[in-house]
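Novice: Next up, work.tsv (TSV, C-alpha atoms and all ligand atoms).
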```
chain	number	residue	atom	x	y	z
G	1354	MET	CA	-60.13	6.93	-17.91
G	1355	THR	CA	-57.39	5.18	-19.88
G	1356	LEU	CA	-55.72	2.02	-18.62
G	1357	THR	CA	-52.05	2.22	-17.72
G	1358	HIS	CA	-49.61	-0.13	-19.39
G	1359	GLU	CA	-49.67	-2.43	-16.32
G	1360	GLU	CA	-53.48	-2.38	-16.16
G	1361	GLU	CA	-53.67	-3.26	-19.86
G	1362	GLY	CA	-51.26	-6.14	-19.23
G	1363	ARG	CA	-53.44	-7.38	-16.36
G	1364	ALA	CA	-56.61	-7.12	-18.50
G	1365	GLY	CA	-54.88	-9.10	-21.27
G	1366	ASP	CA	-53.65	-11.72	-18.78
G	1367	GLU	CA	-57.15	-12.07	-17.34
G	1368	LEU	CA	-58.60	-12.61	-20.82
G	1369	ALA	CA	-55.86	-15.19	-21.47
G	1370	ARG	CA	-56.69	-16.94	-18.18
G	1371	LEU	CA	-60.39	-17.20	-19.10
G	1372	LEU	CA	-59.58	-18.55	-22.56
G	1373	LEU	CA	-57.12	-21.07	-21.10
G	1374	GLU	CA	-59.79	-22.24	-18.67
G	1375	ALA	CA	-62.25	-22.55	-21.55
G	1376	GLY	CA	-59.75	-24.77	-23.38
G	1377	ALA	CA	-59.58	-22.39	-26.34
G	1378	LEU	CA	-56.11	-21.05	-25.68
G	1379	THR	CA	-53.05	-23.27	-25.48
G	1380	PRO	CA	-50.24	-22.38	-23.03
G	1381	GLU	CA	-47.85	-21.54	-25.87
G	1382	TRP	CA	-50.16	-18.73	-27.04
G	1383	ALA	CA	-51.00	-17.41	-23.55
G	1384	GLY	CA	-47.85	-15.25	-23.42
G	1385	ALA	CA	-48.76	-13.47	-26.66
G	1386	PHE	CA	-52.32	-12.83	-25.44
G	1387	GLY	CA	-50.93	-11.22	-22.29
G	1388	ALA	CA	-48.24	-9.25	-24.09
G	1389	VAL	CA	-50.21	-7.84	-27.05
G	1390	PRO	CA	-53.02	-5.59	-25.76
G	1391	ARG	CA	-56.18	-5.90	-27.88
G	1392	ALA	CA	-57.08	-2.30	-26.99
G	1393	LEU	CA	-54.08	-1.02	-28.97
G	1394	PHE	CA	-55.71	-2.34	-32.14
G	1395	LEU	CA	-59.19	-0.90	-31.75
G	1396	PRO	CA	-60.34	2.46	-33.15
G	1397	ASP	CA	-62.01	5.02	-30.88
G	1398	LEU	CA	-65.48	4.16	-32.19
G	1399	ILE	CA	-66.33	0.46	-32.04
G	1400	TRP	CA	-69.48	-1.65	-32.30
G	1401	PRO	CA	-69.30	-4.69	-29.99
G	1402	TYR	CA	-71.72	-7.42	-30.96
G	1403	ASP	CA	-74.19	-8.02	-28.15
G	1404	MET	CA	-74.62	-11.81	-27.93
G	1405	THR	CA	-77.96	-11.61	-26.13
G	1406	THR	CA	-79.76	-9.15	-28.40
G	1407	GLY	CA	-77.89	-10.08	-31.60
G	1408	ARG	CA	-77.26	-6.38	-32.25
G	1409	SER	CA	-74.16	-4.24	-32.57
G	1410	VAL	CA	-74.08	-1.17	-30.35
G	1411	PRO	CA	-71.77	1.84	-30.73
G	1412	VAL	CA	-69.22	2.54	-28.00
G	1413	SER	CA	-67.17	5.71	-28.20
G	1414	ARG	CA	-63.88	5.89	-26.36
G	1415	GLY	CA	-64.24	9.67	-25.97
G	1416	GLU	CA	-67.77	9.49	-24.53
G	1417	ASP	CA	-67.57	6.31	-22.49
G	1418	PRO	CA	-63.93	5.30	-21.91
G	1419	GLU	CA	-64.77	2.73	-19.22
G	1420	THR	CA	-67.15	0.73	-21.43
G	1421	TRP	CA	-64.68	1.05	-24.30
G	1422	GLU	CA	-61.80	-0.39	-22.21
G	1423	ARG	CA	-64.01	-3.14	-20.78
G	1424	THR	CA	-65.17	-4.06	-24.29
G	1425	ALA	CA	-61.59	-4.20	-25.56
G	1426	TYR	CA	-60.84	-7.09	-23.17
G	1427	ALA	CA	-64.27	-8.76	-23.25
G	1428	ASP	CA	-64.79	-11.98	-25.15
G	1429	VAL	CA	-66.94	-10.36	-27.84
G	1430	PRO	CA	-66.43	-9.66	-31.53
G	1431	VAL	CA	-66.07	-5.94	-32.21
G	1432	VAL	CA	-67.08	-4.42	-35.54
G	1433	THR	CA	-64.65	-1.72	-36.64
G	1434	GLN	CA	-65.95	-0.90	-40.14
G	1435	TRP	CA	-69.32	-0.94	-41.93
G	1436	ASP	CA	-70.11	-1.06	-45.63
G	1437	ASP	CA	-66.50	-1.13	-46.82
G	1438	GLY	CA	-65.88	2.23	-45.18
G	1439	GLU	CA	-68.78	3.98	-46.98
G	1440	HIS	CA	-70.80	4.26	-43.80
G	1441	GLU	CA	-70.60	7.38	-41.67
G	1442	GLY	CA	-71.93	8.18	-38.23
G	1443	THR	CA	-72.33	6.38	-34.97
G	1444	GLU	CA	-75.23	4.03	-35.67
G	1445	PRO	CA	-74.39	0.62	-37.18
G	1446	GLY	CA	-74.34	0.45	-40.98
G	1447	THR	CA	-75.81	-2.28	-43.18
G	1448	VAL	CA	-73.00	-4.83	-43.59
G	1449	ALA	CA	-70.17	-5.28	-41.08
G	1450	THR	CA	-67.02	-5.35	-43.22
G	1451	SER	CA	-64.14	-5.35	-40.75
G	1452	SER	CA	-63.78	-6.38	-37.14
G	1453	ALA	CA	-61.63	-7.62	-34.31
G	1454	SER	CA	-62.76	-11.22	-34.08
G	1455	MET	CA	-64.04	-12.70	-30.83
G	1456	PRO	CA	-60.99	-13.55	-28.66
G	1457	TYR	CA	-62.30	-17.10	-28.09
G	1458	VAL	CA	-62.35	-17.70	-31.86
G	1459	VAL	CA	-58.92	-16.08	-32.30
G	1460	ALA	CA	-57.52	-18.44	-29.64
G	1461	VAL	CA	-59.20	-21.51	-31.15
G	1462	MET	CA	-57.84	-20.66	-34.59
G	1463	LEU	CA	-54.29	-20.16	-33.30
G	1464	ARG	CA	-54.58	-23.47	-31.44
G	1465	ASP	CA	-55.84	-25.29	-34.55
G	1466	LEU	CA	-53.26	-23.63	-36.78
G	1467	ALA	CA	-50.50	-25.23	-34.68
G	1468	ALA	CA	-47.87	-22.82	-35.94
G	1469	GLY	CA	-44.53	-23.31	-34.22
G	1470	ALA	CA	-41.10	-21.71	-34.12
G	1471	GLY	CA	-39.54	-21.04	-37.49
G	1472	MET	CA	-42.76	-21.40	-39.48
G	1473	ARG	CA	-43.82	-18.87	-42.10
G	1474	VAL	CA	-47.45	-17.80	-41.89
G	1475	LEU	CA	-49.71	-16.01	-44.35
G	1476	GLU	CA	-52.80	-14.39	-42.87
G	1477	ILE	CA	-55.69	-13.32	-45.10
G	1478	GLY	CA	-57.73	-10.42	-43.67
G	1479	THR	CA	-55.53	-8.22	-41.48
G	1480	GLY	CA	-58.49	-6.31	-40.01
G	1481	THR	CA	-57.33	-4.56	-36.85
G	1482	GLY	CA	-53.96	-6.30	-36.99
G	1483	TRP	CA	-54.41	-7.97	-33.57
G	1484	ASN	CA	-54.13	-11.54	-34.88
G	1485	ALA	CA	-51.12	-10.61	-37.02
G	1486	ALA	CA	-49.58	-9.10	-33.90
G	1487	LEU	CA	-50.14	-12.29	-31.89
G	1488	LEU	CA	-48.55	-14.33	-34.68
G	1489	ALA	CA	-45.62	-11.93	-35.01
G	1490	HIS	CA	-45.05	-11.85	-31.25
G	1491	ARG	CA	-44.68	-15.62	-31.13
G	1492	LEU	CA	-43.11	-16.42	-34.53
G	1493	GLY	CA	-41.17	-13.24	-35.27
G	1494	ASP	CA	-42.02	-10.33	-37.58
G	1495	ALA	CA	-40.10	-11.80	-40.51
G	1496	ASN	CA	-42.25	-14.96	-40.50
G	1497	VAL	CA	-45.64	-13.28	-40.77
G	1498	VAL	CA	-47.33	-11.70	-43.81
G	1499	SER	CA	-50.90	-10.42	-43.63
G	1500	VAL	CA	-53.01	-9.31	-46.61
G	1501	GLU	CA	-55.84	-6.78	-46.29
G	1502	ILE	CA	-58.04	-5.58	-49.14
G	1503	ASP	CA	-59.19	-2.29	-47.62
G	1504	PRO	CA	-56.64	0.56	-47.78
G	1505	ALA	CA	-57.92	2.41	-44.68
G	1506	VAL	CA	-58.09	-0.80	-42.63
G	1507	ALA	CA	-54.58	-1.83	-43.72
G	1508	GLU	CA	-53.19	1.59	-42.84
G	1509	ARG	CA	-54.78	1.54	-39.38
G	1510	ALA	CA	-53.45	-1.98	-38.74
G	1511	ARG	CA	-49.92	-0.94	-39.74
G	1512	ALA	CA	-50.06	2.02	-37.33
G	1513	ALA	CA	-51.37	-0.18	-34.49
G	1514	LEU	CA	-48.68	-2.82	-35.10
G	1515	LYS	CA	-46.05	-0.10	-34.95
G	1516	ARG	CA	-47.45	1.17	-31.64
G	1517	ALA	CA	-47.21	-2.39	-30.33
G	1518	GLY	CA	-43.56	-2.54	-31.41
G	1519	LEU	CA	-44.23	-5.17	-34.09
G	1520	SER	CA	-43.66	-5.10	-37.83
G	1521	PRO	CA	-45.01	-8.12	-39.71
G	1522	GLU	CA	-45.51	-7.32	-43.38
G	1523	VAL	CA	-48.99	-5.94	-44.07
G	1524	VAL	CA	-49.78	-6.14	-47.76
G	1525	LEU	CA	-52.60	-4.15	-49.32
G	1526	GLY	CA	-54.24	-6.43	-51.87
G	1527	ASP	CA	-56.78	-9.11	-52.62
G	1528	GLY	CA	-56.03	-12.04	-50.34
G	1529	ALA	CA	-57.63	-14.38	-52.88
G	1530	ALA	CA	-54.32	-14.12	-54.73
G	1531	GLY	CA	-52.36	-14.94	-51.58
G	1532	TRP	CA	-48.95	-13.30	-51.53
G	1533	PRO	CA	-46.64	-15.24	-53.88
G	1534	GLU	CA	-43.64	-13.04	-53.02
G	1535	GLY	CA	-43.52	-14.58	-49.53
G	1536	ALA	CA	-44.29	-18.20	-50.51
G	1537	PRO	CA	-43.95	-21.01	-49.68
G	1538	TYR	CA	-45.78	-20.85	-46.37
G	1539	ASP	CA	-46.05	-23.47	-43.64
G	1540	ARG	CA	-49.41	-22.10	-42.58
G	1541	VAL	CA	-52.19	-20.06	-44.21
G	1542	ILE	CA	-54.86	-18.68	-41.91
G	1543	ALA	CA	-57.93	-16.93	-43.31
G	1544	THR	CA	-59.82	-14.62	-40.99
G	1545	ALA	CA	-62.54	-13.92	-43.55
G	1546	GLY	CA	-65.10	-16.55	-44.60
G	1547	VAL	CA	-64.59	-18.32	-47.92
G	1548	ARG	CA	-67.13	-19.88	-50.23
G	1549	ALA	CA	-64.53	-21.03	-52.80
G	1550	LEU	CA	-61.03	-21.77	-51.58
G	1551	PRO	CA	-58.61	-19.83	-53.82
G	1552	PRO	CA	-56.19	-22.20	-55.65
G	1553	SER	CA	-53.39	-19.67	-54.92
G	1554	TRP	CA	-53.50	-20.64	-51.23
G	1555	LEU	CA	-52.90	-24.27	-52.14
G	1556	ALA	CA	-50.10	-23.39	-54.54
G	1557	GLN	CA	-48.37	-21.16	-51.99
G	1558	THR	CA	-48.45	-23.65	-49.11
G	1559	ARG	CA	-45.65	-26.20	-48.91
G	1560	PRO	CA	-46.63	-29.91	-48.96
G	1561	GLY	CA	-47.41	-30.93	-45.40
G	1562	GLY	CA	-48.37	-27.34	-44.60
G	1563	VAL	CA	-51.78	-26.36	-43.25
G	1564	ILE	CA	-54.55	-24.04	-44.43
G	1565	LEU	CA	-57.05	-23.05	-41.75
G	1566	ALA	CA	-60.11	-21.23	-43.04
G	1567	PRO	CA	-63.74	-20.48	-42.18
G	1568	TRP	CA	-65.35	-22.26	-45.12
G	1569	GLY	CA	-68.98	-22.69	-46.03
G	1570	THR	CA	-71.54	-22.73	-48.81
G	1571	HIS	CA	-73.99	-20.06	-49.90
G	1572	TYR	CA	-76.78	-22.11	-48.31
G	1573	SER	CA	-76.21	-20.10	-45.11
G	1574	ASP	CA	-73.99	-17.45	-43.54
G	1575	GLN	CA	-72.37	-20.00	-41.26
G	1576	ASP	CA	-68.82	-21.11	-41.77
G	1577	ALA	CA	-67.05	-24.12	-40.35
G	1578	LEU	CA	-63.37	-23.95	-39.57
G	1579	VAL	CA	-61.66	-26.41	-41.85
G	1580	ARG	CA	-58.06	-27.52	-41.31
G	1581	LEU	CA	-56.60	-28.70	-44.61
G	1582	THR	CA	-53.21	-30.37	-44.99
G	1583	VAL	CA	-51.62	-29.77	-48.37
G	1584	ALA	CA	-50.48	-32.88	-50.26
G	1585	GLU	CA	-47.61	-33.33	-52.73
G	1586	ASP	CA	-50.07	-33.24	-55.66
G	1587	GLY	CA	-51.22	-29.75	-54.67
G	1588	SER	CA	-54.61	-30.81	-53.30
G	1589	ALA	CA	-55.51	-30.35	-49.63
G	1590	SER	CA	-57.70	-32.33	-47.29
G	1591	GLY	CA	-58.91	-32.24	-43.70
G	1592	THR	CA	-61.83	-32.20	-41.29
G	1593	PHE	CA	-64.20	-29.51	-40.12
G	1594	ARG	CA	-63.48	-28.45	-36.55
G	1595	SER	CA	-66.17	-26.08	-35.27
G	1596	MET	CA	-68.89	-23.72	-36.41
G	1597	VAL	CA	-68.09	-20.03	-36.65
G	1598	GLU	CA	-69.41	-17.05	-38.58
G	1599	PHE	CA	-67.06	-14.66	-40.34
G	1600	MET	CA	-67.53	-11.72	-42.66
G	1601	LYS	CA	-66.80	-13.08	-46.11
G	1602	LEU	CA	-64.02	-12.37	-48.58
G	1603	ARG	CA	-65.23	-9.30	-50.47
G	1604	ALA	CA	-65.73	-11.01	-53.81
G	1605	GLN	CA	-67.46	-14.01	-52.19
G	1606	ARG	CA	-70.32	-12.26	-50.39
G	1607	LEU	CA	-73.79	-13.44	-51.37
G	1608	ASP	CA	-75.66	-10.73	-53.26
G	1609	TRP	CA	-79.33	-11.25	-52.34
G	1610	ASP	CA	-80.41	-8.80	-55.07
G	1611	ARG	CA	-79.57	-11.45	-57.63
G	1612	PHE	CA	-82.73	-13.34	-56.63
G	1613	HIS	CA	-85.16	-10.49	-57.35
G	1614	GLU	CA	-86.07	-11.94	-60.74
G	1615	HIS	CA	-86.51	-15.49	-59.42
G	1616	VAL	CA	-90.12	-15.17	-58.25
G	1617	PRO	CA	-91.95	-12.62	-60.43
G	1618	ALA	CA	-95.27	-13.75	-58.93
G	1619	PHE	CA	-96.01	-16.14	-56.11
G	1620	PRO	CA	-96.93	-18.95	-56.58
G	1621	GLY	CA	-97.03	-18.42	-60.36
G	1622	ASP	CA	-96.63	-21.71	-62.25
G	1623	ALA	CA	-94.95	-23.51	-59.34
G	1624	ASP	CA	-95.74	-27.17	-58.65
G	1625	VAL	CA	-97.47	-27.79	-55.34
G	1626	SER	CA	-96.72	-30.70	-53.00
G	1627	ARG	CA	-96.48	-31.49	-49.29
G	1628	THR	CA	-93.69	-32.36	-46.90
G	1629	LYS	CA	-93.67	-33.91	-43.44
G	1630	LEU	CA	-90.39	-32.24	-42.52
G	1631	THR	CA	-90.70	-29.40	-40.04
G	1632	ARG	CA	-89.05	-26.04	-39.68
G	1633	ALA	CA	-86.91	-27.54	-36.87
G	1634	ASP	CA	-85.64	-30.26	-39.23
G	1635	LEU	CA	-83.96	-27.57	-41.34
G	1636	GLY	CA	-81.68	-26.79	-38.38
G	1637	ASP	CA	-80.74	-23.48	-36.90
G	1638	ARG	CA	-77.70	-21.25	-36.79
G	1639	TYR	CA	-74.59	-23.30	-35.93
G	1640	GLU	CA	-76.53	-26.59	-36.10
G	1641	PRO	CA	-75.02	-29.33	-38.27
G	1642	ALA	CA	-78.30	-30.01	-40.16
G	1643	ARG	CA	-78.09	-26.60	-41.77
G	1644	PHE	CA	-74.39	-26.80	-42.62
G	1645	VAL	CA	-74.62	-30.36	-43.94
G	1646	THR	CA	-77.60	-29.45	-46.15
G	1647	GLY	CA	-75.37	-26.80	-47.70
G	1648	LEU	CA	-72.70	-29.44	-48.37
G	1649	CYS	CA	-75.24	-31.70	-50.09
G	1650	VAL	CA	-77.18	-29.06	-52.06
G	1651	PRO	CA	-74.60	-26.93	-53.86
G	1652	ASP	CA	-75.33	-23.50	-55.33
G	1653	CYS	CA	-78.47	-22.99	-53.27
G	1654	ALA	CA	-79.20	-20.07	-50.93
G	1655	HIS	CA	-81.94	-20.18	-48.32
G	1656	VAL	CA	-83.65	-17.90	-45.86
G	1657	VAL	CA	-86.53	-18.43	-43.42
G	1658	ASN	CA	-88.92	-15.51	-42.89
G	1659	PRO	CA	-91.64	-15.35	-40.20
G	1660	THR	CA	-95.10	-15.08	-41.76
G	1661	GLY	CA	-97.19	-15.08	-38.58
G	1662	PRO	CA	-97.03	-15.87	-34.84
G	1663	ASN	CA	-96.54	-19.62	-35.45
G	1664	ALA	CA	-95.74	-19.64	-39.11
G	1665	SER	CA	-92.74	-19.15	-41.36
G	1666	ARG	CA	-91.84	-19.51	-45.02
G	1667	ALA	CA	-88.49	-21.01	-46.05
G	1668	TRP	CA	-87.23	-19.81	-49.43
G	1669	PHE	CA	-84.65	-21.64	-51.54
G	1670	PHE	CA	-82.96	-20.00	-54.53
G	1671	ASP	CA	-80.70	-21.59	-57.13
G	1672	LEU	CA	-77.52	-19.68	-57.92
G	1673	ARG	CA	-77.25	-21.09	-61.45
G	1674	THR	CA	-80.80	-21.08	-62.84
G	1675	ARG	CA	-83.97	-19.26	-61.79
G	1676	SER	CA	-85.23	-22.29	-59.87
G	1677	TRP	CA	-86.80	-21.59	-56.50
G	1678	ALA	CA	-88.78	-23.35	-53.80
G	1679	ALA	CA	-90.83	-22.14	-50.86
G	1680	VAL	CA	-92.16	-24.13	-47.91
G	1681	ASP	CA	-94.84	-22.80	-45.57
G	1682	PHE	CA	-94.37	-24.14	-42.04
G	1683	ARG	CA	-96.97	-23.82	-39.30
G	1684	THR	CA	-96.32	-25.06	-35.76
G	1685	GLY	CA	-98.47	-28.06	-34.87
G	1686	ARG	CA	-99.49	-28.92	-38.45
G	1687	PRO	CA	-98.28	-32.42	-39.49
G	1688	TRP	CA	-97.39	-31.36	-43.03
G	1689	SER	CA	-96.33	-28.22	-44.88
G	1690	THR	CA	-97.10	-26.92	-48.36
G	1691	VAL	CA	-94.23	-26.87	-50.84
G	1692	HIS	CA	-94.00	-24.76	-54.01
G	1693	GLN	CA	-91.25	-25.50	-56.53
G	1694	SER	CA	-90.43	-23.85	-59.83
G	1695	GLY	CA	-87.70	-24.14	-62.45
G	1696	PRO	CA	-85.47	-26.95	-63.70
G	1697	ARG	CA	-84.02	-27.70	-60.25
G	1698	ARG	CA	-86.35	-29.16	-57.62
G	1699	LEU	CA	-84.61	-27.45	-54.74
G	1700	TRP	CA	-86.86	-28.60	-51.95
G	1701	ASP	CA	-86.61	-32.22	-53.14
G	1702	GLU	CA	-82.82	-31.88	-52.97
G	1703	VAL	CA	-82.97	-30.37	-49.46
G	1704	GLU	CA	-85.35	-33.09	-48.29
G	1705	GLN	CA	-83.09	-35.82	-49.73
G	1706	ALA	CA	-80.08	-34.26	-48.02
G	1707	LEU	CA	-81.78	-34.10	-44.62
G	1708	THR	CA	-83.17	-37.62	-44.99
G	1709	TRP	CA	-79.70	-38.93	-45.88
G	1710	TRP	CA	-78.09	-37.11	-42.93
G	1711	SER	CA	-80.69	-38.56	-40.57
G	1712	SER	CA	-80.22	-42.08	-42.07
G	1713	GLN	CA	-76.50	-41.85	-41.22
G	1714	GLY	CA	-77.37	-41.22	-37.54
G	1715	SER	CA	-77.18	-37.39	-37.83
G	1716	PRO	CA	-73.37	-37.28	-37.76
G	1717	ALA	CA	-71.71	-34.33	-36.05
G	1718	LEU	CA	-69.90	-31.65	-38.01
G	1719	THR	CA	-66.48	-33.02	-37.01
G	1720	ARG	CA	-67.15	-36.27	-38.89
G	1721	PHE	CA	-67.31	-34.32	-42.13
G	1722	GLY	CA	-64.30	-33.17	-44.09
G	1723	LEU	CA	-63.27	-31.53	-47.30
G	1724	THR	CA	-60.78	-32.26	-50.05
G	1725	VAL	CA	-59.95	-29.33	-52.31
G	1726	ALA	CA	-58.46	-30.14	-55.73
G	1727	PRO	CA	-55.52	-28.01	-56.94
G	1728	ASP	CA	-57.96	-26.00	-59.09
G	1729	GLY	CA	-60.08	-25.22	-56.01
G	1730	THR	CA	-62.92	-27.70	-56.66
G	1731	PRO	CA	-64.36	-28.81	-53.29
G	1732	HIS	CA	-65.18	-32.46	-52.54
G	1733	PRO	CA	-66.94	-32.85	-49.16
G	1734	TRP	CA	-66.88	-36.25	-47.46
G	1735	LEU	CA	-68.05	-38.14	-44.39
G	1736	ASP	CA	-65.48	-39.87	-42.13
G	1737	HIS	CA	-62.89	-40.38	-44.87
G	1738	PRO	CA	-61.90	-38.73	-48.17
G	1739	ASP	CA	-62.80	-42.04	-49.87
G	1740	HIS	CA	-66.45	-41.56	-48.80
G	1741	PRO	CA	-67.67	-38.54	-50.78
G	1742	LEU	CA	-71.19	-37.32	-50.04
G	1743	PRO	CA	-73.70	-39.04	-52.34
G	1744	PHE	CA	-74.75	-35.74	-53.95
G	1745	GLY	CA	-73.26	-33.18	-56.28
G	1801	LIG	C1	-62.94	-10.49	-39.46
G	1801	LIG	S1	-61.90	-9.29	-40.16
G	1801	LIG	C2	-60.28	-9.87	-39.75
G	1801	LIG	C3	-59.94	-9.84	-38.30
G	1801	LIG	C4	-58.46	-9.67	-38.08
G	1801	LIG	N1	-57.68	-10.83	-38.40
G	1801	LIG	C5	-58.12	-9.14	-36.70
G	1801	LIG	O1	-57.27	-9.71	-36.01
G	1801	LIG	O2	-58.65	-8.10	-36.35
G	1801	LIG	C6	-61.95	-9.68	-41.88
G	1801	LIG	C7	-61.07	-8.78	-42.72
G	1801	LIG	O3	-60.90	-9.37	-44.00
G	1801	LIG	C8	-60.78	-8.34	-44.94
G	1801	LIG	N2	-61.02	-8.87	-46.28
G	1801	LIG	C9	-62.20	-9.15	-46.90
G	1801	LIG	N3	-61.98	-9.62	-48.14
G	1801	LIG	C10	-60.63	-9.65	-48.31
G	1801	LIG	C11	-59.79	-10.05	-49.37
G	1801	LIG	N4	-60.31	-10.49	-50.54
G	1801	LIG	N5	-58.47	-9.93	-49.21
G	1801	LIG	C12	-57.93	-9.48	-48.05
G	1801	LIG	N6	-58.68	-9.08	-47.01
G	1801	LIG	C13	-60.01	-9.17	-47.13
G	1801	LIG	C14	-61.82	-7.32	-44.48
G	1801	LIG	O4	-61.56	-6.05	-45.05
G	1801	LIG	C15	-61.63	-7.39	-42.98
G	1801	LIG	O5	-60.74	-6.41	-42.54
```
Starting from the file, lay out its structure as structure tokens.
Ligand SMILES: C[S@@+](CC[C@H](N)C(=O)[O-])C[C@H]1O[C@@H](n2cnc3c(N)ncnc32)[C@H](O)[C@@H]1O

Specialist:
Amino acid sequence: MTLTHEEEGRAGDELARLLLEAGALTPEWAGAFGAVPRALFLPDLIWPYDMTTGRSVPVSRGEDPETWERTAYADVPVVTQWDDGEHEGTEPGTVATSSASMPYVVAVMLRDLAAGAGMRVLEIGTGTGWNAALLAHRLGDANVVSVEIDPAVAERARAALKRAGLSPEVVLGDGAAGWPEGAPYDRVIATAGVRALPPSWLAQTRPGGVILAPWGTHYSDQDALVRLTVAEDGSASGTFRSMVEFMKLRAQRLDWDRFHEHVPAFPGDADVSRTKLTRADLGDRYEPARFVTGLCVPDCAHVVNPTGPNASRAWFFDLRTRSWAAVDFRTGRPWSTVHQSGPRRLWDEVEQALTWWSSQGSPALTRFGLTVAPDGTPHPWLDHPDHPLPFG
């Protein structure tokens, strides 16, 4: 079964209605959501992300057209490529490397971008081309440029845009360089997560223009949407809006293999101490504690592994030296054992960060912001750019 043009329009309108009700979509973008069918941009084999199980499952248009069509208009992210295109077969690969983002997040980002008539927009990460199509439908083909690093993905997006009757410029290249040929832009929107904001995006945005990007630290996979306004001096500043999780810019993915040499033997010569903080104090996915710790403890990656029914070990690795820390948590025990090794005392830094955050009244994510210097150096702050975080 394939949906007719009218049925596709109705499915798109229904998705738009749900997103309007949820407050994600603004009325000015509702028309584009109805007019540009998401299904046109999806390949025949897709892997929707199942929110309840946390797994991606294959759906083939040929084998199960009804589920495929339903998925196309469901509010779920859909993986469209694994392992930079190296992966073959139906089962999910190792790393999801291209996708059609969750419609709710697409709507929120378009809302926060606040792009209006006559504005020029640069999108980083074309992916399926759906977001570029929404932008082009509202702002006009000539005002939208989208950069995609993967040749096969870019080619598929161009073909889908053509089928939709749209022709924004799709550039094959590294979006970290922006696209100087089309600058200056009024808006830059990144649909891949960034760990270091490329200075080219600042340089190519006109003063007063806006950069909207999923930004985060290597402390965790989470990103927070940050909306930066570019100043006359070439810096940019703004607040974090909401937590999201995006696949990262290719060159900014965290390579976990780099930590193999960090802990040749456990506990080795590590110092031993105790902490009263609990596993819950570290925060979970999308919780501010985790994101804020990343802001306060730069160049640190962490992961929590279960070690038993009520036990887990949190690992912390320094990205600059071979310093590491490990904390063994056990539910119900009033303290946990800490091991630390190397010139950086990573757990001490994490504990200081969490203690500081708590002493400030555990401020929400939206009270934090970021100033990025023209050379890309990030300066996180609380409440106001004049109040930098007391770490760094
Ligand atoms: C989440 S998807 C983008 C979703 C897309 N906007 C849509 O509407 O379907 C992220 C995309 O960013 C691309 N990407 C990753 N690193 C990139 C880079 N350095 N430059 C340009 N694109 C990049 C990936 O290949 C992937 O297609």

Novice: Could you build a table of the residues in chain G lying no more than 7 Å from ligand LIG 1801 (chain G), giving for each the nearest pair of atoms and their separation in Å rounded to one decimal place, using all atoms listed in the file, ordered by chain and ascending residue number, as a tab-separated table?

Specialist:
```
residue	atom	partner	partner_atom	distance
G:Thr1450	CA	G:LIG1801	C14	5.7
G:Ser1451	CA	G:LIG1801	C15	3.9
G:Ser1452	CA	G:LIG1801	S1	4.6
G:Ala1453	CA	G:LIG1801	O2	3.6
G:Ser1454	CA	G:LIG1801	C3	5.3
G:Ile1477	CA	G:LIG1801	C12	5.3
G:Gly1478	CA	G:LIG1801	O3	3.4
G:Thr1479	CA	G:LIG1801	N1	4.6
G:Gly1480	CA	G:LIG1801	O5	3.4
G:Thr1481	CA	G:LIG1801	O2	3.8
G:Gly1482	CA	G:LIG1801	O1	4.9
G:Trp1483	CA	G:LIG1801	O1	4.1
G:Asn1484	CA	G:LIG1801	O1	3.8
G:Ala1485	CA	G:LIG1801	O1	6.3
G:Val1500	CA	G:LIG1801	C12	5.1
G:Glu1501	CA	G:LIG1801	N6	3.7
G:Ile1502	CA	G:LIG1801	C12	4.1
G:Asp1503	CA	G:LIG1801	O4	5.1
G:Val1506	CA	G:LIG1801	O5	6.2
G:Gly1526	CA	G:LIG1801	N5	6.1
G:Asp1527	CA	G:LIG1801	N5	3.9
G:Gly1528	CA	G:LIG1801	N5	3.4
G:Ala1529	CA	G:LIG1801	N4	5.3
G:Thr1544	CA	G:LIG1801	C2	4.9
G:Ala1545	CA	G:LIG1801	C6	4.6
G:Phe1599	CA	G:LIG1801	C1	5.9
G:Met1600	CA	G:LIG1801	C1	5.7
G:Lys1601	CA	G:LIG1801	C9	6.1
G:Leu1602	CA	G:LIG1801	N3	3.5
G:Arg1603	CA	G:LIG1801	N3	4.0
G:Ala1604	CA	G:LIG1801	N4	6.4
```

Novice: Which residues of stretch 1591-1696 of chain G come within 12 Å of stretch 1721-1734 of chain G, and for each one, what is the closest pair of atoms and their distance in Å to one decimal, counting all atoms listed in the file, sorted by chain and residue number, as CSV?

Specialist:
```
residue,atom,partner,partner_atom,distance
G:Gly1591,CA,G:Gly1722,CA,5.5
G:Thr1592,CA,G:Gly1722,CA,3.9
G:Phe1593,CA,G:Gly1722,CA,5.4
G:Arg1594,CA,G:Gly1722,CA,8.9
G:Ser1595,CA,G:Phe1721,CA,10.8
G:Pro1641,CA,G:Phe1721,CA,10.0
G:Ala1642,CA,G:Phe1721,CA,12.0
G:Phe1644,CA,G:Phe1721,CA,10.3
G:Val1645,CA,G:Phe1721,CA,8.5
G:Thr1646,CA,G:Pro1733,CA,11.6
G:Gly1647,CA,G:Pro1733,CA,10.5
G:Leu1648,CA,G:Pro1733,CA,6.7
G:Cys1649,CA,G:Pro1733,CA,8.4
G:Val1650,CA,G:Pro1733,CA,11.3
G:Pro1651,CA,G:Pro1731,CA,10.4
```

Novice: With all atoms listed in the file as the atoms that count, which of G:Val1474, G:Val1579, G:Ala1543, G:Ala1489 lies nearest to G:Ser1520?

Specialist: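 Of G:Val1474, G:Val1579, G:Ala1543, G:Ala1489, the one nearest G:Ser1520, counting all atoms listed in the file, is G:Ala1489.
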